[in-house]
Each structure stands twice: as C-alpha cells, then as structure tokens.
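Trainee: Sharing a structure, written as structure tokens. Questions coming.
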Amino acid sequence: MYLCNRFRIDIPAVSIIVLTMSRKSASLAKNTAASILAAIALLAFPFRAAAADGDLNSEAIDTTALTGNWVSQLIKTGFHINDPRINYPAFPRFALKVYNWGDRTFNHYESAFVESTGKNWKLQMKNEMWMRTYIMQLADHSTIHITSRLYDDLGIHLSFMAVSVGYSFNLNSFMGDDTRRNRFDFNFTCSRFALNYWKQGVNGGAIIRKFGDYQGGHHLNYKFSDIDVDDSHLDLYYFFNNQQYSQAAAYCFSKYQLKSAGSWILGASYDRHNMRLDFSSLPPDMLEALPNLQRDYHFRYSDYCILGGYAHNWVLSPRKWLINLTTLPFIGYKHTSVTEPTDRNIRNMISTNLTMMTSVVYNHRGLYTSLQGRFNGFVNMSNDLTFFNSNQMLTLTVGFRF
C-alpha cells in the first residue's frame with residue numbers, strides 16, 4: 001500500500017497473519033490470533049496454498065520437534081503454515097482446514113502448465129507512469145484533444161504472501177508540479193477469477209493538444225488547469241481455462257507458466273465518472289475558433305457492463321520469459337447526464353468500453369523484472385457531442401523472491 005498520495009493493495013497469494021504479544025497477554029493473544037486466523041482464512045481462501053507455503057511437500061521435511069507455543073512454532077518453520085509439527089489450537093486449525101479446502105477447490109492448476117515459485121517473500125521496486133486522455137467531438141465535427149501530464153510514481157514494496165507494505169514517492173512533486181491527484185488500486189487474483197478496483201482523482205495539470213481550427217488545427221501545448229476528474233472502476237471476471245492459464249504468472253509474479261496457454265474470459269464491471277471541464281477562462285481568440293462550444297461541461301455517468309474477452313500467455317522459455325496479452329471489450333447500460341448552461345436531461349444509452357493489458361516478464365532464479373501496460377477507454381455519445389476519455393499506465397517492476 002502507498003502511504004502518500006497513492007495507495008495500492010496487491011494480493012497474489014494468501015497469508016495467515018500472526019500477532020506476537022507479551023507473556024502477560026498470552027490468553028488475549030490466543031483469542032485474538034485465533035479470530036484473525038479464522039477471518040483471513042474465510043476471506044482469502046481462493047489462493048494457492050502451495051505458493052503461500054513454499055511448496056513444502058516438494059522439499060525434504062524437517063522432522064525435528066518444535067518447542068514453544070504455536071505462534072513461535074510457526075515462526076521457526078519460516079511461516080510454513082501446513083508444517084505438520086505446528087501444534088495449532090482447535091480454532092486456528094479449523095481455520096487452516098477451511099483455507100486448504102478453498103485452495104484445493106478454487107485455485108488448482110495442472111502441474112504441466114503452471115507451478116508455484118515456492119517463495120513466500122518478495123521485495124520489489126515499481127516505477128508507475130500514467131496519464132489521462134480526453135477527446136471531444138462536437139456536432140460540426142470539430143475536435144478538442146486534451147491530455148494530462150505524465151504522472152510518475154516510484155515505490156518500494158515488501159510482501160509476505162498476501163500482506164504487502166510499501167511507500168511511493170510522487171516524482172512530479174520534485175519537479176515543481178502542483179497538480180492535485182490521488183489513486184487507489186486493489187487487485188485480487190486466483191486461478192479461477194480476478195477482481196480489480198481502482199479510484200483516481202485529478203485536479204488541474206492538463207494540456208490542450210488540439211482546439212478545433214485554432215492555429216490552423218496544429219498541435220498545441222497550452223496548459224489547462226480548469227479540469228476536475230473523479231473516476232472509479234470495478235470489475236470481476238472468470239477464466240474458463242483456469243487449469244492451464246495463470247494470470248498471476250504475468251501480473252503477480254507468484255506463479256510460473258510452463259507452457260503457452262490462453263483462456264476465454266467472462267465477467268461484469270461497474271464504472272463511475274464525474275468530470276468537469278471549464279473553458280470559460282481560455283483566451284477569446286481560442287474560444288472564437290469553436291463558436292458552438294459550451295463554456296462549461298460536467299459529465300456524470302455510470303456504466304453497468306458485461307465484459308468478455310481473451311487472455312494468452314506465451315512462454316518463450318519456461319521459468320524465464322513470459323509475454324501476456326489480455327483484451328476485454330465491455331458492452332452494457334450507461335446512465336448518464338451532461339450538465340451545461342442548458343441543463344440536459346439524464347439519458348440512458350448503450351455503453352461500449354475497452355480494457356487492454358500486456359505484460360513482459362523475465363525471471364532469473366529469485367530475481368524478476370516486468371514491464372506492464374494497461375489501457376482503459378470509455379465512450380460517451382449524445383446527439384451533438386461525442387466524449388472519449390481513457391487512462392493509460394506503464395509499470396516497470398524489479399524485485400526478488402526469498
């Protein structure tokens with residue numbers, strides 16, 4: 001998670017969280033830890049136990065007896081939660097059984113196609129660059145093209161199973177950029193399905209690239225601060241070929257894809273957009289280039305969509321090189337309103353959106369690096385206006401497992 005203006009949670013595996021307390025609070029520790037174990041197990045069961053447990057069964061098992069309480073035993077085993085030497089109390093053992101059942105039921109792969117990395121810990125550095133694009137086409141076919149600045153964040157993250165803690169720096173702030181922005185990401189991936197949520201807000205920091213026929217319709221670089229954006233996105237989708245295809249191998253680095261495989265995808269999504277563009281402060285000669293332009297636009301719309309698509313992992317070298325491409329077109333129902341001086345009525349129409357993702361991963365023993373790209377595009381159409389907005393992100397990740 002990010003502790004500054006950007007916050008992120010990634011859950012590529014599952015974990016049981018343990019609280020270590022003083023001897024004076026031993027009884028409280030038992031009850032608290034047991035409750036946490038049960039909650040985590042019940043909430044996070046769809047993850048792969050082999051990955052979270054370091055493939056304990058594939059290694060030589062230490063039969064040395066362990067001393068101390070179950071918390072200290074868990075620590076001594078290196079947090080191998082299924083080590084038979086750990087003497088769990090009744091309730092944590094029940095929670096572990098629930099977890100293992102869910103893992104077997106919801107997150108099983110064919111071993112010839114996918115295997116665990118066998119590591120519990122990850123330390124990684126991420127450089128995330130993202131920007132927004134807005135394109136407006138008026139009834140007379142004149143076009144306005146606006147982009148945000150390129151936002152750049154650099155962060156370092158330490159992960160143990162499902163628990164990830166990190167800190168991210170806003171690199172733009174070191175270059176004097178006063179754009180107010182924030183972004184939150186949550187990603188959940190297992191063999192059968194993936195859940196993604198993001199929310200972002202941006203105020204100011206835009207650049208007008210084209211403004212109708214102003215200056216002959218040539219490329220512009222005019223700073224535009226009267227823009228305010230607040231977006232949120234949620235999607236959930238199912239992988240039909242979940243025994244042979246692993247999304248986590250390409251985006252979470254918790255699996256190895258051993259053979260090339262792909263999967264058809266089906267799911268649902270929800271998007272909420274709230275955007276305001278105020279052109280009233282532009283110079284008069286710019287406004288004269290678009291006489292039919294309203295001075296103030298306020299777009300508010302929600303999309304309820306069915307998504308379907310295809311994802312494929314190309315294995316260039318097992319446990320080394322992997323390339324992924326995922327394409328997800330959306331179609332559904334759009335509930336929208338565009339507020340102007342004339343105050344248009346709320347409209348209901350068909351929604352057509354698109355998400356595309358790609359990832360190139362290189363693994364070398366415990367080391368890994370990845371370059372990922374993501375595109376989210378949204379279209380809003382009315383009788384006299386077509387509005388397209390998109391979000392583009394490029395992420396470079398370098399890390400190692402241990």
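For the structure tokens, the naming scheme is as follows: chains receive sequential letters (A, B, ...) according to their order of presentation, residues are indexed from 1 within each chain, and ligands are indexed from 1 in presentation order.
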Using 8 Å as the limit and counting only C-alpha atoms, can you tabulate each residue of region 246-319 of chain A that touches region 134-156 of chain A, with its shortest atom-to-atom distance in Å and the two atoms involved, as a Markdown table?
Mentor:
```
| residue | atom | partner | partner_atom | distance |
| --- | --- | --- | --- | --- |
| A:Leu290 | CA | A:Ser142 | CA | 7.7 |
| A:Asn292 | CA | A:Leu138 | CA | 8.0 |
| A:Leu293 | CA | A:Leu138 | CA | 7.6 |
```
Trainee: I'd like the contact shell of Phe253 (chain A) - 10 Å cut-off, only C-alpha atoms, skipping same-chain residues fewer than 4 positions apart - returned as a VMD selection string.
Mentor: chain A and resid 12 to 13 116 to 117 122 247 to 249 361 to 363 368 to 370 399 to 401
Trainee: Give the answer as one residue: which of A:Asn383, A:Asn274, A:Thr358, A:Gln200 has the shortest atom-to-atom distance to Arg132 (chain A), using only C-alpha atoms?
Mentor: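 When distances to Arg132 (chain A) are compared using only C-alpha atoms, the smallest one comes from A:Gln200.
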Trainee: Neighbouring residues of Glu110 (chain A) were defined as those with any atom within 12 Å, considering only C-alpha atoms; residues of the same chain fewer than 6 positions away were excluded. Please report them as a ChimeraX atom specification.
Mentor: /A:116,191,241-246,256-259,261
Trainee: Check region 196-378 of chain A with DSSP on the backbone and list each residue it calls alpha helix (DSSP H), as a PyMOL selection string.
Mentor: chain A and resi 247-251+284-288
Trainee: Residues as selected, all heavy atoms, written as a JSON list (two decimals), in the first residue's frame, can you do that?
Mentor:
```json
[["chain", "number", "residue", "atom", "x", "y", "z"],
["A", 247, "GLN", "N", -3.10, -16.02, -14.78],
["A", 247, "GLN", "CA", -2.96, -14.57, -14.83],
["A", 247, "GLN", "C", -1.91, -14.09, -13.83],
["A", 247, "GLN", "O", -1.20, -13.11, -14.06],
["A", 247, "GLN", "CB", -4.32, -13.91, -14.53],
["A", 247, "GLN", "CG", -4.35, -12.41, -14.76],
["A", 247, "GLN", "CD", -4.76, -12.04, -16.17],
["A", 247, "GLN", "OE1", -4.72, -12.87, -17.07],
["A", 247, "GLN", "NE2", -5.16, -10.80, -16.37],
["A", 248, "ALA", "N", -1.80, -14.81, -12.71],
["A", 248, "ALA", "CA", -0.84, -14.42, -11.67],
["A", 248, "ALA", "C", 0.59, -14.54, -12.14],
["A", 248, "ALA", "O", 1.47, -13.81, -11.67],
["A", 248, "ALA", "CB", -1.06, -15.30, -10.42],
["A", 249, "ALA", "N", 0.87, -15.43, -13.08],
["A", 249, "ALA", "CA", 2.24, -15.58, -13.59],
["A", 249, "ALA", "C", 2.69, -14.32, -14.31],
["A", 249, "ALA", "O", 3.87, -13.96, -14.27],
["A", 249, "ALA", "CB", 2.31, -16.78, -14.52],
["A", 250, "ALA", "N", 1.76, -13.62, -14.94],
["A", 250, "ALA", "CA", 2.11, -12.44, -15.73],
["A", 250, "ALA", "C", 2.03, -11.14, -14.94],
["A", 250, "ALA", "O", 2.75, -10.19, -15.26],
["A", 250, "ALA", "CB", 1.18, -12.35, -16.94],
["A", 251, "TYR", "N", 1.18, -11.08, -13.90],
["A", 251, "TYR", "CA", 0.94, -9.81, -13.23],
["A", 251, "TYR", "C", 1.23, -9.81, -11.73],
["A", 251, "TYR", "O", 1.32, -8.74, -11.14],
["A", 251, "TYR", "CB", -0.51, -9.36, -13.47],
["A", 251, "TYR", "CG", -0.80, -9.10, -14.92],
["A", 251, "TYR", "CD1", -1.37, -10.09, -15.73],
["A", 251, "TYR", "CD2", -0.47, -7.89, -15.51],
["A", 251, "TYR", "CE1", -1.61, -9.85, -17.09],
["A", 251, "TYR", "CE2", -0.71, -7.64, -16.86],
["A", 251, "TYR", "CZ", -1.28, -8.64, -17.64],
["A", 251, "TYR", "OH", -1.52, -8.40, -18.98],
["A", 284, "PRO", "N", -9.92, 34.74, -25.59],
["A", 284, "PRO", "CA", -11.04, 34.94, -26.53],
["A", 284, "PRO", "C", -10.76, 34.40, -27.93],
["A", 284, "PRO", "O", -11.67, 33.87, -28.58],
["A", 284, "PRO", "CB", -11.22, 36.46, -26.55],
["A", 284, "PRO", "CG", -10.69, 36.92, -25.23],
["A", 284, "PRO", "CD", -9.55, 36.01, -24.90],
["A", 285, "ASP", "N", -9.51, 34.52, -28.40],
["A", 285, "ASP", "CA", -9.24, 34.04, -29.76],
["A", 285, "ASP", "C", -9.33, 32.52, -29.85],
["A", 285, "ASP", "O", -9.67, 31.98, -30.90],
["A", 285, "ASP", "CB", -7.87, 34.53, -30.23],
["A", 285, "ASP", "CG", -6.73, 34.08, -29.33],
["A", 285, "ASP", "OD1", -6.99, 33.86, -28.13],
["A", 285, "ASP", "OD2", -5.60, 33.94, -29.82],
["A", 286, "MET", "N", -9.06, 31.81, -28.76],
["A", 286, "MET", "CA", -9.24, 30.36, -28.76],
["A", 286, "MET", "C", -10.72, 30.01, -28.81],
["A", 286, "MET", "O", -11.14, 29.14, -29.56],
["A", 286, "MET", "CB", -8.58, 29.73, -27.53],
["A", 286, "MET", "CG", -7.07, 29.67, -27.57],
["A", 286, "MET", "SD", -6.36, 28.71, -26.19],
["A", 286, "MET", "CE", -6.88, 27.04, -26.64],
["A", 287, "LEU", "N", -11.51, 30.70, -28.00],
["A", 287, "LEU", "CA", -12.94, 30.42, -27.96],
["A", 287, "LEU", "C", -13.62, 30.75, -29.28],
["A", 287, "LEU", "O", -14.59, 30.09, -29.67],
["A", 287, "LEU", "CB", -13.59, 31.20, -26.82],
["A", 287, "LEU", "CG", -13.12, 30.80, -25.40],
["A", 287, "LEU", "CD1", -13.75, 31.73, -24.36],
["A", 287, "LEU", "CD2", -13.49, 29.35, -25.10],
["A", 288, "GLU", "N", -13.11, 31.76, -29.98],
["A", 288, "GLU", "CA", -13.69, 32.10, -31.28],
["A", 288, "GLU", "C", -13.47, 31.00, -32.31],
["A", 288, "GLU", "O", -14.22, 30.90, -33.28],
["A", 288, "GLU", "CB", -13.07, 33.41, -31.78],
["A", 288, "GLU", "CG", -13.52, 34.64, -30.98],
["A", 288, "GLU", "CD", -12.77, 35.89, -31.40],
["A", 288, "GLU", "OE1", -11.93, 35.78, -32.34],
["A", 288, "GLU", "OE2", -13.00, 36.96, -30.79]]
```
Trainee: Rounded to one decimal place, report the CA of Phe79 (chain A)-CA of Asn187 (chain A) distance in Å.
Mentor: 23.5 Å
Trainee: To one decimal in Å, tell me the separation between CA of Ser382 (chain A) and CA of Tyr222 (chain A).
Mentor: 27.1 Å
Trainee: Which residues are close to region 60-77 of chain A, i.e. within 7 Å by only C-alpha atoms, leaving aside same-chain residues fewer than 4 positions away? Reply as number ranges by chain.
Mentor: A: 81, 85-88
Trainee: Create the file for the chosen residues now, containing C-alpha atoms and written as an mmCIF file, in the first residue's frame.
Mentor:
```
data_model
loop_
_atom_site.group_PDB
_atom_site.id
_atom_site.type_symbol
_atom_site.label_atom_id
_atom_site.label_comp_id
_atom_site.auth_asym_id
_atom_site.auth_seq_id
_atom_site.Cartn_x
_atom_site.Cartn_y
_atom_site.Cartn_z
ATOM 1 C CA ILE A 81 1.513 -22.835 7.631
ATOM 2 C CA ARG A 85 4.940 -30.052 13.509
ATOM 3 C CA ILE A 86 2.935 -26.926 14.347
ATOM 4 C CA ASN A 87 0.559 -27.637 17.218
ATOM 5 C CA TYR A 88 -2.357 -25.365 16.323
#
```
Trainee: Using the chain letters and numbers from this document, which residues of region 252-371 of chain A does DSSP assign to strand (DSSP E or B), as number ranges by chain?
Mentor: A: 255-257, 261-278, 296-317, 321-339, 347-364, 367-371
